[in-house]
Structure formats: structure tokens, C-alpha cells
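S.K.: One file: entry-v5.cif (mmCIF, C-alpha atoms, pLDDT in the B column; chains and numbers go by the auth columns).
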data_run
#
loop_
_atom_site.group_PDB
_atom_site.id
_atom_site.type_symbol
_atom_site.label_atom_id
_atom_site.label_comp_id
_atom_site.label_asym_id
_atom_site.label_seq_id
_atom_site.Cartn_x
_atom_site.Cartn_y
_atom_site.Cartn_z
_atom_site.B_iso_or_equiv
_atom_site.auth_seq_id
_atom_site.auth_asym_id
ATOM 1 C CA ASN A 1 36.891 45.373 -10.067 75.00 12 A
ATOM 2 C CA GLY A 2 33.162 45.358 -9.466 71.00 13 A
ATOM 3 C CA PHE A 3 33.498 45.041 -5.699 74.00 14 A
ATOM 4 C CA VAL A 4 35.015 48.520 -5.520 75.00 15 A
ATOM 5 C CA PHE A 5 31.512 49.888 -6.100 72.00 16 A
ATOM 6 C CA ASP A 6 30.424 48.229 -2.840 72.00 17 A
ATOM 7 C CA GLU A 7 33.369 49.638 -0.904 76.00 18 A
ATOM 8 C CA LEU A 8 33.737 53.166 -2.280 76.00 19 A
ATOM 9 C CA GLY A 9 31.331 55.932 -3.156 77.00 20 A
ATOM 10 C CA THR A 10 30.764 56.995 -6.752 78.00 21 A
ATOM 11 C CA ALA A 11 32.873 60.124 -6.337 83.00 22 A
ATOM 12 C CA ALA A 12 35.840 58.119 -5.029 86.00 23 A
ATOM 13 C CA VAL A 13 35.698 55.758 -8.009 83.00 24 A
ATOM 14 C CA GLN A 14 35.565 58.717 -10.402 85.00 25 A
ATOM 15 C CA ILE A 15 38.590 60.327 -8.738 89.00 26 A
ATOM 16 C CA ALA A 16 40.553 57.057 -8.841 88.00 27 A
ATOM 17 C CA VAL A 17 39.867 56.663 -12.568 88.00 28 A
ATOM 18 C CA LYS A 18 40.873 60.285 -13.251 90.00 29 A
ATOM 19 C CA VAL A 19 44.107 59.994 -11.260 93.00 30 A
ATOM 20 C CA ALA A 20 45.019 56.813 -13.124 91.00 31 A
ATOM 21 C CA LYS A 21 44.369 58.343 -16.552 89.00 32 A
ATOM 22 C CA ASP A 22 46.174 61.590 -15.677 91.00 33 A
ATOM 23 C CA SER A 23 49.169 59.480 -14.646 92.00 34 A
ATOM 24 C CA ASP A 24 49.111 57.577 -17.950 89.00 35 A
ATOM 25 C CA ALA A 25 48.429 54.347 -16.092 90.00 36 A
ATOM 26 C CA GLY A 26 46.635 51.482 -17.754 90.00 37 A
ATOM 27 C CA ILE A 27 43.201 50.606 -16.386 93.00 38 A
ATOM 28 C CA ILE A 28 42.106 46.973 -16.409 94.00 39 A
ATOM 29 C CA PHE A 29 38.452 46.546 -15.432 92.00 40 A
ATOM 30 C CA ASP A 30 37.110 43.223 -14.155 91.00 41 A
ATOM 31 C CA PRO A 31 33.438 43.612 -13.139 88.00 42 A
ATOM 32 C CA GLY A 32 33.476 40.351 -11.191 84.00 43 A
ATOM 33 C CA PRO A 33 30.406 38.604 -9.774 80.00 44 A
ATOM 34 C CA ARG A 34 28.836 41.977 -8.980 74.00 45 A
ATOM 35 C CA ALA A 35 28.424 42.706 -12.696 77.00 46 A
ATOM 36 C CA PHE A 36 24.671 42.149 -12.483 75.00 47 A
ATOM 37 C CA SER A 37 24.316 45.135 -10.127 74.00 48 A
ATOM 38 C CA PHE A 38 25.081 47.567 -12.951 73.00 49 A
ATOM 39 C CA SER A 39 21.815 46.720 -14.683 71.00 50 A
ATOM 40 C CA ILE A 40 19.612 47.295 -11.632 73.00 51 A
ATOM 41 C CA ASP A 41 21.184 50.402 -10.129 72.00 52 A
ATOM 42 C CA ASN A 42 21.027 53.629 -12.147 75.00 53 A
ATOM 43 C CA ASP A 43 23.895 55.268 -10.257 75.00 54 A
ATOM 44 C CA ARG A 44 26.118 52.269 -10.910 76.00 55 A
ATOM 45 C CA ARG A 45 25.117 52.189 -14.545 79.00 56 A
ATOM 46 C CA GLU A 46 26.326 55.765 -14.938 80.00 57 A
ATOM 47 C CA ILE A 47 29.638 55.147 -13.212 81.00 58 A
ATOM 48 C CA LEU A 48 30.056 51.978 -15.293 83.00 59 A
ATOM 49 C CA LYS A 49 29.924 54.145 -18.408 85.00 60 A
ATOM 50 C CA GLN A 50 32.695 56.317 -16.988 86.00 61 A
ATOM 51 C CA VAL A 51 34.858 53.326 -16.116 88.00 62 A
ATOM 52 C CA LEU A 52 34.381 51.812 -19.575 90.00 63 A
ATOM 53 C CA SER A 53 35.236 55.165 -21.136 91.00 64 A
ATOM 54 C CA ALA A 54 38.641 54.942 -19.448 92.00 65 A
ATOM 55 C CA ALA A 55 39.461 51.216 -19.259 94.00 66 A
ATOM 56 C CA ASN A 56 42.203 49.940 -21.547 95.00 67 A
ATOM 57 C CA VAL A 57 41.213 46.321 -20.939 97.00 68 A
ATOM 58 C CA VAL A 58 37.904 44.745 -19.959 96.00 69 A
ATOM 59 C CA LEU A 59 38.239 41.291 -18.442 95.00 70 A
ATOM 60 C CA ALA A 60 35.079 39.292 -17.711 93.00 71 A
ATOM 61 C CA THR A 61 33.532 35.853 -17.662 91.00 72 A
ATOM 62 C CA VAL A 62 30.793 35.030 -20.169 88.00 73 A
ATOM 63 C CA ASP A 63 28.116 35.715 -17.539 86.00 74 A
ATOM 64 C CA GLU A 64 29.724 38.960 -16.399 89.00 75 A
ATOM 65 C CA ALA A 65 30.117 40.288 -19.927 89.00 76 A
ATOM 66 C CA ALA A 66 26.500 39.325 -20.620 86.00 77 A
ATOM 67 C CA ALA A 67 25.386 41.367 -17.610 84.00 78 A
ATOM 68 C CA LEU A 68 27.311 44.402 -18.856 85.00 79 A
ATOM 69 C CA VAL A 69 25.575 44.343 -22.240 84.00 80 A
ATOM 70 C CA ASP A 70 22.051 43.334 -21.132 73.00 81 A
ATOM 71 C CA PHE A 71 22.516 40.033 -22.926 55.00 82 A
ATOM 72 C CA ASP A 72 19.055 38.727 -22.065 48.00 83 A
ATOM 73 C CA ASP A 73 17.661 41.075 -24.690 49.00 84 A
ATOM 74 C CA MET A 74 19.849 39.490 -27.398 49.00 85 A
ATOM 75 C CA GLY A 75 18.116 36.110 -27.310 50.00 86 A
ATOM 76 C CA LEU A 76 21.186 33.857 -27.167 49.00 87 A
ATOM 77 C CA PRO A 77 21.841 31.131 -24.571 50.00 88 A
ATOM 78 C CA LEU A 78 24.761 31.482 -22.179 50.00 89 A
ATOM 79 C CA LYS A 79 26.509 28.203 -22.898 53.00 90 A
ATOM 80 C CA LEU A 80 29.987 27.549 -24.184 48.00 91 A
ATOM 81 C CA ALA A 81 31.202 24.268 -22.685 44.00 92 A
ATOM 82 C CA ASP A 82 30.460 20.723 -23.854 40.00 93 A
ATOM 83 C CA GLY A 83 31.486 21.099 -27.445 41.00 94 A
ATOM 84 C CA SER A 84 31.371 24.891 -27.697 48.00 95 A
ATOM 85 C CA GLU A 85 28.001 24.844 -29.447 49.00 96 A
ATOM 86 C CA ASN A 86 28.037 28.631 -29.102 59.00 97 A
ATOM 87 C CA ALA A 87 31.739 29.264 -29.689 64.00 98 A
ATOM 88 C CA ARG A 88 30.761 32.581 -31.288 79.00 99 A
ATOM 89 C CA LEU A 89 29.386 33.805 -27.970 84.00 100 A
ATOM 90 C CA PRO A 90 32.593 35.497 -26.708 90.00 101 A
ATOM 91 C CA LYS A 91 32.858 37.480 -29.945 90.00 102 A
ATOM 92 C CA VAL A 92 29.170 38.452 -29.800 88.00 103 A
ATOM 93 C CA LEU A 93 29.708 39.764 -26.282 91.00 104 A
ATOM 94 C CA ALA A 94 32.892 41.642 -27.174 93.00 105 A
ATOM 95 C CA GLN A 95 31.251 43.258 -30.185 92.00 106 A
ATOM 96 C CA ALA A 96 28.237 44.193 -28.077 91.00 107 A
ATOM 97 C CA LEU A 97 30.511 45.947 -25.595 92.00 108 A
ATOM 98 C CA TRP A 98 32.296 47.825 -28.349 94.00 109 A
ATOM 99 C CA THR A 99 29.001 49.033 -29.794 90.00 110 A
ATOM 100 C CA ARG A 100 28.572 51.028 -26.597 87.00 111 A
ATOM 101 C CA PRO A 101 29.851 54.484 -27.616 85.00 112 A
ATOM 102 C CA TYR A 102 31.511 54.910 -24.233 88.00 113 A
ATOM 103 C CA CYS A 103 33.585 51.680 -24.362 92.00 114 A
ATOM 104 C CA VAL A 104 37.134 52.526 -25.488 94.00 115 A
ATOM 105 C CA ALA A 105 38.881 49.288 -24.470 96.00 116 A
ATOM 106 C CA GLU A 106 41.871 48.209 -26.535 96.00 117 A
ATOM 107 C CA TRP A 107 41.345 44.601 -25.424 97.00 118 A
ATOM 108 C CA ILE A 108 38.314 42.651 -24.310 97.00 119 A
ATOM 109 C CA VAL A 109 39.120 39.330 -22.652 97.00 120 A
ATOM 110 C CA ILE A 110 36.294 36.825 -22.188 95.00 121 A
ATOM 111 C CA LYS A 111 37.040 34.071 -19.676 93.00 122 A
ATOM 112 C CA CYS A 112 35.297 30.808 -20.584 89.00 123 A
ATOM 113 C CA GLY A 113 36.027 28.682 -17.525 86.00 124 A
ATOM 114 C CA PRO A 114 37.484 25.234 -18.302 86.00 125 A
ATOM 115 C CA ASP A 115 37.289 25.962 -22.043 87.00 126 A
ATOM 116 C CA GLY A 116 39.933 28.685 -21.731 91.00 127 A
ATOM 117 C CA ALA A 117 39.673 32.331 -22.759 94.00 128 A
ATOM 118 C CA VAL A 118 39.465 34.591 -25.784 95.00 129 A
ATOM 119 C CA LEU A 119 41.193 37.930 -26.275 97.00 130 A
ATOM 120 C CA PHE A 120 39.860 40.424 -28.815 97.00 131 A
ATOM 121 C CA THR A 121 41.632 43.612 -29.821 97.00 132 A
ATOM 122 C CA ARG A 122 39.925 46.715 -31.127 94.00 133 A
ATOM 123 C CA ASP A 123 41.831 46.435 -34.408 92.00 134 A
ATOM 124 C CA GLY A 124 40.449 42.968 -35.130 94.00 135 A
ATOM 125 C CA LEU A 125 42.823 40.375 -33.678 95.00 136 A
ATOM 126 C CA GLU A 126 41.264 37.312 -32.043 95.00 137 A
ATOM 127 C CA ILE A 127 43.254 34.989 -29.792 95.00 138 A
ATOM 128 C CA PHE A 128 41.667 31.720 -28.572 93.00 139 A
ATOM 129 C CA VAL A 129 43.555 29.767 -25.905 94.00 140 A
ATOM 130 C CA GLY A 130 42.544 26.656 -24.002 91.00 141 A
ATOM 131 C CA SER A 131 42.979 25.903 -20.316 91.00 142 A
ATOM 132 C CA PRO A 132 45.066 23.094 -18.832 90.00 143 A
ATOM 133 C CA SER A 133 42.907 20.234 -17.562 88.00 144 A
ATOM 134 C CA VAL A 134 43.131 20.051 -13.765 91.00 145 A
ATOM 135 C CA ASP A 135 41.361 18.559 -10.760 91.00 146 A
ATOM 136 C CA VAL A 136 39.429 21.518 -9.356 91.00 147 A
ATOM 137 C CA ALA A 137 39.549 22.061 -5.599 89.00 148 A
ATOM 138 C CA ASP A 138 38.201 25.624 -5.448 88.00 149 A
ATOM 139 C CA THR A 139 37.518 28.298 -8.067 86.00 150 A
ATOM 140 C CA VAL A 140 37.858 31.201 -5.602 86.00 151 A
ATOM 141 C CA GLY A 141 40.631 33.502 -6.802 87.00 152 A
ATOM 142 C CA CYS A 142 40.931 32.011 -10.304 89.00 153 A
ATOM 143 C CA GLY A 143 39.730 35.167 -12.024 89.00 154 A
ATOM 144 C CA ASP A 144 41.975 37.456 -9.985 88.00 155 A
ATOM 145 C CA SER A 145 44.962 35.195 -10.649 91.00 156 A
ATOM 146 C CA ALA A 146 44.284 35.223 -14.390 93.00 157 A
ATOM 147 C CA ALA A 147 43.862 39.008 -14.257 94.00 158 A
ATOM 148 C CA ALA A 148 47.384 39.363 -12.851 94.00 159 A
ATOM 149 C CA ALA A 149 48.767 37.618 -15.939 96.00 160 A
ATOM 150 C CA ILE A 150 46.680 39.852 -18.230 97.00 161 A
ATOM 151 C CA VAL A 151 48.045 42.959 -16.484 96.00 162 A
ATOM 152 C CA LEU A 152 51.597 41.644 -16.864 96.00 163 A
ATOM 153 C CA GLY A 153 51.062 40.906 -20.555 96.00 164 A
ATOM 154 C CA TYR A 154 49.449 44.286 -21.213 96.00 165 A
ATOM 155 C CA LEU A 155 52.401 46.095 -19.633 94.00 166 A
ATOM 156 C CA ASN A 156 54.935 43.947 -21.510 95.00 167 A
ATOM 157 C CA ILE A 157 53.253 44.658 -24.840 95.00 168 A
ATOM 158 C CA LYS A 158 52.941 48.377 -24.070 93.00 169 A
ATOM 159 C CA LYS A 159 56.665 48.484 -23.285 92.00 170 A
ATOM 160 C CA ALA A 160 57.551 46.524 -26.441 92.00 171 A
ATOM 161 C CA ARG A 161 55.460 48.864 -28.590 90.00 172 A
ATOM 162 C CA GLN A 162 57.090 51.941 -27.105 88.00 173 A
ATOM 163 C CA GLN A 163 60.522 50.434 -27.682 88.00 174 A
ATOM 164 C CA ALA A 164 59.697 49.541 -31.291 86.00 175 A
ATOM 165 C CA ARG A 165 58.493 53.063 -31.988 84.00 176 A
ATOM 166 C CA SER A 166 61.541 54.671 -30.413 84.00 177 A
ATOM 167 C CA GLU A 167 63.898 52.437 -32.411 79.00 178 A
ATOM 168 C CA LYS A 168 62.015 52.473 -35.723 69.00 179 A
ATOM 169 C CA GLY A 169 60.339 55.847 -35.720 69.00 180 A
ATOM 170 C CA SER A 170 56.619 55.576 -36.371 62.00 181 A
ATOM 171 C CA GLU A 171 56.568 51.784 -36.808 73.00 182 A
ATOM 172 C CA ASP A 172 54.658 49.566 -34.369 80.00 183 A
ATOM 173 C CA LEU A 173 55.244 45.913 -33.534 86.00 184 A
ATOM 174 C CA SER A 174 54.714 43.599 -36.472 89.00 185 A
ATOM 175 C CA LYS A 175 51.395 41.762 -36.483 91.00 186 A
ATOM 176 C CA GLU A 176 53.216 38.450 -36.058 93.00 187 A
ATOM 177 C CA ILE A 177 55.068 39.578 -32.945 93.00 188 A
ATOM 178 C CA LEU A 178 51.932 41.141 -31.467 94.00 189 A
ATOM 179 C CA VAL A 179 49.874 37.985 -32.025 95.00 190 A
ATOM 180 C CA HIS A 180 52.578 35.872 -30.374 95.00 191 A
ATOM 181 C CA MET A 181 52.750 38.184 -27.357 96.00 192 A
ATOM 182 C CA LEU A 182 48.965 38.203 -27.007 97.00 193 A
ATOM 183 C CA GLU A 183 48.847 34.413 -27.217 96.00 194 A
ATOM 184 C CA GLU A 184 51.565 33.904 -24.599 96.00 195 A
ATOM 185 C CA THR A 185 49.801 36.414 -22.320 97.00 196 A
ATOM 186 C CA LEU A 186 46.510 34.537 -22.552 97.00 197 A
ATOM 187 C CA THR A 187 48.273 31.178 -22.186 96.00 198 A
ATOM 188 C CA LEU A 188 49.890 32.341 -18.955 97.00 199 A
ATOM 189 C CA ALA A 189 46.521 33.677 -17.743 96.00 200 A
ATOM 190 C CA THR A 190 44.693 30.384 -18.281 96.00 201 A
ATOM 191 C CA ALA A 191 47.542 28.409 -16.699 95.00 202 A
ATOM 192 C CA VAL A 192 47.626 30.662 -13.626 95.00 203 A
ATOM 193 C CA GLY A 193 43.852 30.444 -13.300 94.00 204 A
ATOM 194 C CA ALA A 194 43.935 26.650 -13.621 94.00 205 A
ATOM 195 C CA ALA A 195 46.729 26.356 -11.064 93.00 206 A
ATOM 196 C CA THR A 196 44.729 28.447 -8.600 92.00 207 A
ATOM 197 C CA ALA A 197 41.726 26.138 -9.096 92.00 208 A
ATOM 198 C CA MET A 198 43.842 23.230 -7.874 91.00 209 A
ATOM 199 C CA ARG A 199 44.289 24.830 -4.442 86.00 210 A
ATOM 200 C CA ALA A 200 41.566 25.425 -1.851 84.00 211 A
ATOM 201 C CA GLY A 201 40.971 28.995 -0.725 73.00 212 A
ATOM 202 C CA ALA A 202 42.282 32.350 -1.878 69.00 213 A
ATOM 203 C CA GLY A 203 44.906 34.684 -0.400 74.00 214 A
ATOM 204 C CA ARG A 204 48.205 32.812 -0.116 76.00 215 A
ATOM 205 C CA ASN A 205 46.578 29.652 -1.436 76.00 216 A
ATOM 206 C CA VAL A 206 46.453 30.876 -5.027 81.00 217 A
ATOM 207 C CA ALA A 207 48.722 29.524 -7.759 86.00 218 A
ATOM 208 C CA THR A 208 52.417 29.038 -7.102 90.00 219 A
ATOM 209 C CA ALA A 209 55.029 29.632 -9.790 92.00 220 A
ATOM 210 C CA LYS A 210 56.085 25.984 -9.494 93.00 221 A
ATOM 211 C CA LEU A 211 52.574 24.724 -10.163 94.00 222 A
ATOM 212 C CA VAL A 212 52.107 27.072 -13.126 95.00 223 A
ATOM 213 C CA ARG A 213 55.396 25.873 -14.615 95.00 224 A
ATOM 214 C CA THR A 214 54.277 22.268 -14.201 94.00 225 A
ATOM 215 C CA LEU A 215 51.049 22.902 -16.104 94.00 226 A
ATOM 216 C CA LEU A 216 52.810 24.816 -18.873 94.00 227 A
ATOM 217 C CA SER A 217 55.555 22.205 -19.214 93.00 228 A
ATOM 218 C CA LYS A 218 52.920 19.567 -19.978 91.00 229 A
ATOM 219 C CA CYS A 219 51.867 21.636 -22.999 88.00 230 A
ATOM 220 C CA ILE A 220 55.395 22.056 -24.387 86.00 231 A
ATOM 221 C CA GLY A 221 56.187 19.700 -27.230 73.00 232 A
ATOM 222 C CA SER A 222 52.564 19.129 -28.147 66.00 233 A
ATOM 223 C CA VAL A 223 49.297 20.949 -28.772 59.00 234 A
ATOM 224 C CA HIS A 224 46.939 20.691 -25.811 57.00 235 A
ATOM 225 C CA GLN A 225 43.379 20.540 -27.150 54.00 236 A
ATOM 226 C CA ASP A 226 40.431 20.735 -24.787 52.00 237 A
ATOM 227 C CA PRO A 227 36.945 19.332 -25.510 47.00 238 A
ATOM 228 C CA GLY A 228 35.623 22.811 -26.304 48.00 239 A
ATOM 229 C CA GLY A 229 37.995 23.225 -29.232 55.00 240 A
ATOM 230 C CA PHE A 230 40.333 25.828 -27.731 76.00 241 A
ATOM 231 C CA ALA A 231 44.015 24.862 -27.736 85.00 242 A
ATOM 232 C CA ILE A 232 47.332 25.673 -26.048 89.00 243 A
ATOM 233 C CA SER A 233 50.221 25.691 -28.481 90.00 244 A
ATOM 234 C CA SER A 234 53.653 24.406 -27.511 91.00 245 A
ATOM 235 C CA ARG A 235 55.299 27.671 -28.555 92.00 246 A
ATOM 236 C CA ALA A 236 52.902 29.800 -26.507 93.00 247 A
ATOM 237 C CA ALA A 237 53.346 27.579 -23.433 94.00 248 A
ATOM 238 C CA GLU A 238 57.120 27.841 -23.671 94.00 249 A
ATOM 239 C CA GLN A 239 56.998 31.621 -24.081 95.00 250 A
ATOM 240 C CA ALA A 240 54.469 31.960 -21.264 95.00 251 A
ATOM 241 C CA MET A 241 56.911 30.173 -18.974 95.00 252 A
ATOM 242 C CA HIS A 242 59.636 32.572 -20.095 95.00 253 A
ATOM 243 C CA VAL A 243 57.365 35.565 -19.327 95.00 254 A
ATOM 244 C CA LEU A 244 56.639 34.163 -15.861 94.00 255 A
ATOM 245 C CA ASP A 245 60.302 33.535 -15.046 93.00 256 A
ATOM 246 C CA SER A 246 61.371 36.934 -16.381 92.00 257 A
ATOM 247 C CA SER A 247 58.753 38.656 -14.238 91.00 258 A
ATOM 248 C CA LEU A 248 59.862 36.788 -11.125 88.00 259 A
ATOM 249 C CA ARG A 249 63.528 37.667 -11.735 85.00 260 A
ATOM 250 C CA THR A 250 62.611 41.332 -12.146 77.00 261 A
ATOM 251 C CA HIS A 251 60.584 41.256 -8.925 67.00 262 A
ATOM 252 C CA LEU A 252 63.415 39.628 -6.960 66.00 263 A
ATOM 253 C CA ARG A 253 65.943 42.203 -8.208 67.00 264 A
ATOM 254 C CA LYS A 254 63.701 45.026 -6.976 65.00 265 A
ATOM 255 C CA ARG A 255 63.286 43.577 -3.482 59.00 266 A
#
Written as C-alpha cells, that's how I'd like the structure from this file.
M.R.:
Amino acid sequence: NGFVFDELGTAAVQIAVKVAKDSDAGIIFDPGPRAFSFSIDNDRREILKQVLSAANVVLATVDEAAALVDFDDMGLPLKLADGSENARLPKVLAQALWTRPYCVAEWIVIKCGPDGAVLFTRDGLEIFVGSPSVDVADTVGCGDSAAAAIVLGYLNIKKARQQARSEKGSEDLSKEILVHMLEETLTLATAVGAATAMRAGAGRNVATAKLVRTLLSKCIGSVHQDPGGFAISSRAAEQAMHVLDSSLRTHLRKR
């Protein structure tokens, strides 16, 4: 994330990226609140290019993505809530990132706060998911919590694709299956982020599995529609709960 640039020197970041890529590890980059620093520091701008040239997934809020692409020069307001009058904004930002010749991300995820989030894939898929409505106690840790779900979903999809190819030769996952897996990944991410917002403080005060299940269960059997127009489908909520439980069982078996 963006804070690593405050804690480590440029050379250390470069080595970490190289080790990850040489090990065939996925790289998920979340610039965080320090995103603005890339536009005012030439050294950071250069290392940002290197990170984006290696990152499989870029995960950012609207403001953070705007900072990465010098959005002020594009002449569009940074507003999405209250009716989503600029619902096209996440796509504009994702496309702007992909126009950078050094950005190779497979996914770009734009977090839109209480509206939800949008996931774009390089091959043209667009997944819009709402966020459960909650009483917010503290937003610290929400982004990191959501990022954990994105990492889990990315790894699950990577594994499913590898399995499909090994069983069917050169074939990939069907578009239908891929869309469903992307939607359940983003649904889990928004639910985890919302659950974290209900608890004050970060660290051990982030979302609990029980609280995430409670939020998802409220979406099962109906379509949860937020004021901004993003929605959580019943199917995606049910599958997101299954992904969460499966991950927890796997973790417990390894302990």
C-alpha cells in the first residue's frame, strides 16, 4: 500500500516487487490516503510506475484513483454519492489508469464508500455492487478489510482458472462463472468493509465473521438497493457467505 513508500526506501520497494513477480505471486496495490504524494514527489512517481507495471490488481477509493491519474486536469467533479450523478466516474478513472502504458492491472477496483464498489477487468467486464447500510462508528480499517476480501477473491479465481485449464485444455472459465465469482468477491468486500465501519478502531476491532454473515444474510432473499443505484443481489450475498465460510474452514485446518 501507499504507506510502504514512507517506511521503505525506493530500492527496497523495487526489490520487494521483483521478488514477488519472480515467485509468481499476485500483487495487489492499494495506494491508500498517501496517493496524493505520488503527484508531488518525482522519485515516488517513478516508483509508482514500476509498481503499476507489476500490479495484478489496483484497489483505490475515488479520491485515491483520481490522485494517481492527475484527475484535476480532466475537469470532472469528484462526487458519486447522493444519487450517483457521476456514476460514470469509476469507469473514467479506471480507463484513465489503463491508458498509462505502464499499468498492466488485470483488475481495477474503485471503492465508492457507502455507495459500494465497482470492479473492472482488462477484458471489459464491469461489476457494480452496493454496500450494506450500517450505522458508522469509525471508517479506520474499512479499506484494508475490503482489500482482504479482494485478495481472497483474486486467489480463488486464479485457482479456478488454473483448474479449468488443466481439466479442459486451453479453455478458461466461462464468462458466466467468472462474472459470478467477481460479483461474490466484490459483495464480500463491501460487506467486510461495512462491518468494519460498525466497530470503533482498527487492529482487532475490524469486522468479525459473525457480523459479516449478519449483513450478508439480510441481503439473501431480496435485492438490496442503495440510494446511489448500486445493488447487492441475493445470489451474490449467499455465495459471498459461502466464500467466507470456506476460507475460515481452510484457515482452521491449517492451524
S.K.: Please identify all polymer residues lying at most 9 Å from the point (50.7, 29.6, -23.4) (file coordinates), using only C-alpha atoms, and present the result as number ranges by chain.
M.R.: A: 140-141, 194-202, 227, 230-231, 243-252
S.K.: Just so the selection is clear, what residues does the PyMOL selection byres ((chain A and resi 135) around 12) cover here, as a list in words?
M.R.: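 Selection result, ordered by chain and number: Lys102, Ala105, Gln106, Trp109, Glu117, Trp118, Ile119, Leu130, Phe131, Thr132, Arg133, Asp134, Leu136, Glu137, Ile138, Lys186 and Val190 of chain A.
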S.K.: Report the residues retrieved by the PyMOL selection byres ((chain A and resi 156) around 12) from the displayed file, expressed as an NGL selection string.
M.R.: :A and (41 or 70 or 150-155 or 157-163 or 199-208 or 213-220 or 223)
S.K.: So the first atom is CA of Ala77 (chain A) and the second is CA of Arg55 (chain A); what is the distance between them in Å, to one decimal place?
M.R.: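 We find that CA of Ala77 (chain A) and CA of Arg55 (chain A) lie 16.2 Å from each other.
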S.K.: Applying 9 Å and all atoms listed in the file, which residues near Val24 (chain A) remain after dropping the ones on its own chain fewer than 6 positions away? List them as a PDB file with C-alpha atoms, keeping the file's coordinate frame.
M.R.:
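Below is the file that was written, out_27.pdb:
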ATOM      1  CA  VAL A  15      35.015  48.520  -5.520  1.00 75.00           C
ATOM      2  CA  PHE A  16      31.512  49.888  -6.100  1.00 72.00           C
ATOM      3  CA  ILE A  58      29.638  55.147 -13.212  1.00 81.00           C
ATOM      4  CA  VAL A  62      34.858  53.326 -16.116  1.00 88.00           C
TER       5      VAL A  62
END
S.K.: Write a file for region 168-174 of chain A of the given structure; include all heavy atoms and format it as an mmCIF file, in the first residue's frame.
M.R.:
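Written out: selection_16.cif:
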data_model
loop_
_atom_site.group_PDB
_atom_site.id
_atom_site.type_symbol
_atom_site.label_atom_id
_atom_site.label_comp_id
_atom_site.auth_asym_id
_atom_site.auth_seq_id
_atom_site.Cartn_x
_atom_site.Cartn_y
_atom_site.Cartn_z
ATOM 1 N N ILE A 168 -10.218 -17.064 -7.843
ATOM 2 C CA ILE A 168 -10.461 -17.051 -9.288
ATOM 3 C C ILE A 168 -9.235 -17.555 -10.038
ATOM 4 O O ILE A 168 -9.345 -18.314 -11.020
ATOM 5 C CB ILE A 168 -10.859 -15.638 -9.750
ATOM 6 C CG1 ILE A 168 -12.265 -15.315 -9.217
ATOM 7 C CG2 ILE A 168 -10.818 -15.513 -11.266
ATOM 8 C CD1 ILE A 168 -12.719 -13.906 -9.473
ATOM 9 N N LYS A 169 -8.052 -17.167 -9.585
ATOM 10 C CA LYS A 169 -6.815 -17.662 -10.211
ATOM 11 C C LYS A 169 -6.749 -19.184 -10.121
ATOM 12 O O LYS A 169 -6.422 -19.866 -11.108
ATOM 13 C CB LYS A 169 -5.598 -17.039 -9.529
ATOM 14 C CG LYS A 169 -4.268 -17.458 -10.134
ATOM 15 C CD LYS A 169 -3.101 -16.775 -9.430
ATOM 16 C CE LYS A 169 -1.769 -17.195 -10.051
ATOM 17 N NZ LYS A 169 -0.618 -16.533 -9.378
ATOM 18 N N LYS A 170 -7.088 -19.723 -8.950
ATOM 19 C CA LYS A 170 -7.082 -21.175 -8.766
ATOM 20 C C LYS A 170 -8.122 -21.847 -9.647
ATOM 21 O O LYS A 170 -7.850 -22.888 -10.272
ATOM 22 C CB LYS A 170 -7.352 -21.492 -7.298
ATOM 23 C CG LYS A 170 -7.354 -22.981 -6.976
ATOM 24 C CD LYS A 170 -7.605 -23.213 -5.493
ATOM 25 C CE LYS A 170 -7.632 -24.705 -5.168
ATOM 26 N NZ LYS A 170 -7.890 -24.916 -3.702
ATOM 27 N N ALA A 171 -9.321 -21.255 -9.737
ATOM 28 C CA ALA A 171 -10.389 -21.836 -10.560
ATOM 29 C C ALA A 171 -10.010 -21.825 -12.038
ATOM 30 O O ALA A 171 -10.311 -22.774 -12.778
ATOM 31 C CB ALA A 171 -11.689 -21.066 -10.336
ATOM 32 N N ARG A 172 -9.349 -20.762 -12.477
ATOM 33 C CA ARG A 172 -8.924 -20.686 -13.876
ATOM 34 C C ARG A 172 -7.869 -21.737 -14.182
ATOM 35 O O ARG A 172 -7.900 -22.380 -15.237
ATOM 36 C CB ARG A 172 -8.391 -19.280 -14.177
ATOM 37 C CG ARG A 172 -9.470 -18.232 -14.306
ATOM 38 C CD ARG A 172 -8.918 -16.878 -14.670
ATOM 39 N NE ARG A 172 -9.678 -16.276 -15.746
ATOM 40 C CZ ARG A 172 -9.636 -15.001 -16.061
ATOM 41 N NH1 ARG A 172 -8.845 -14.175 -15.395
ATOM 42 N NH2 ARG A 172 -10.366 -14.529 -17.058
ATOM 43 N N GLN A 173 -6.928 -21.906 -13.280
ATOM 44 C CA GLN A 173 -5.886 -22.910 -13.486
ATOM 45 C C GLN A 173 -6.486 -24.303 -13.530
ATOM 46 O O GLN A 173 -6.088 -25.131 -14.363
ATOM 47 C CB GLN A 173 -4.844 -22.806 -12.359
ATOM 48 C CG GLN A 173 -3.996 -21.548 -12.415
ATOM 49 C CD GLN A 173 -3.108 -21.372 -11.195
ATOM 50 O OE1 GLN A 173 -3.379 -21.928 -10.124
ATOM 51 N NE2 GLN A 173 -2.046 -20.594 -11.335
ATOM 52 N N GLN A 174 -7.466 -24.550 -12.663
ATOM 53 C CA GLN A 174 -8.118 -25.857 -12.641
ATOM 54 C C GLN A 174 -8.899 -26.096 -13.920
ATOM 55 O O GLN A 174 -8.865 -27.200 -14.485
ATOM 56 C CB GLN A 174 -9.051 -25.952 -11.427
ATOM 57 C CG GLN A 174 -9.702 -27.319 -11.261
ATOM 58 C CD GLN A 174 -10.495 -27.413 -9.970
ATOM 59 O OE1 GLN A 174 -10.398 -26.547 -9.107
ATOM 60 N NE2 GLN A 174 -11.290 -28.468 -9.838
#
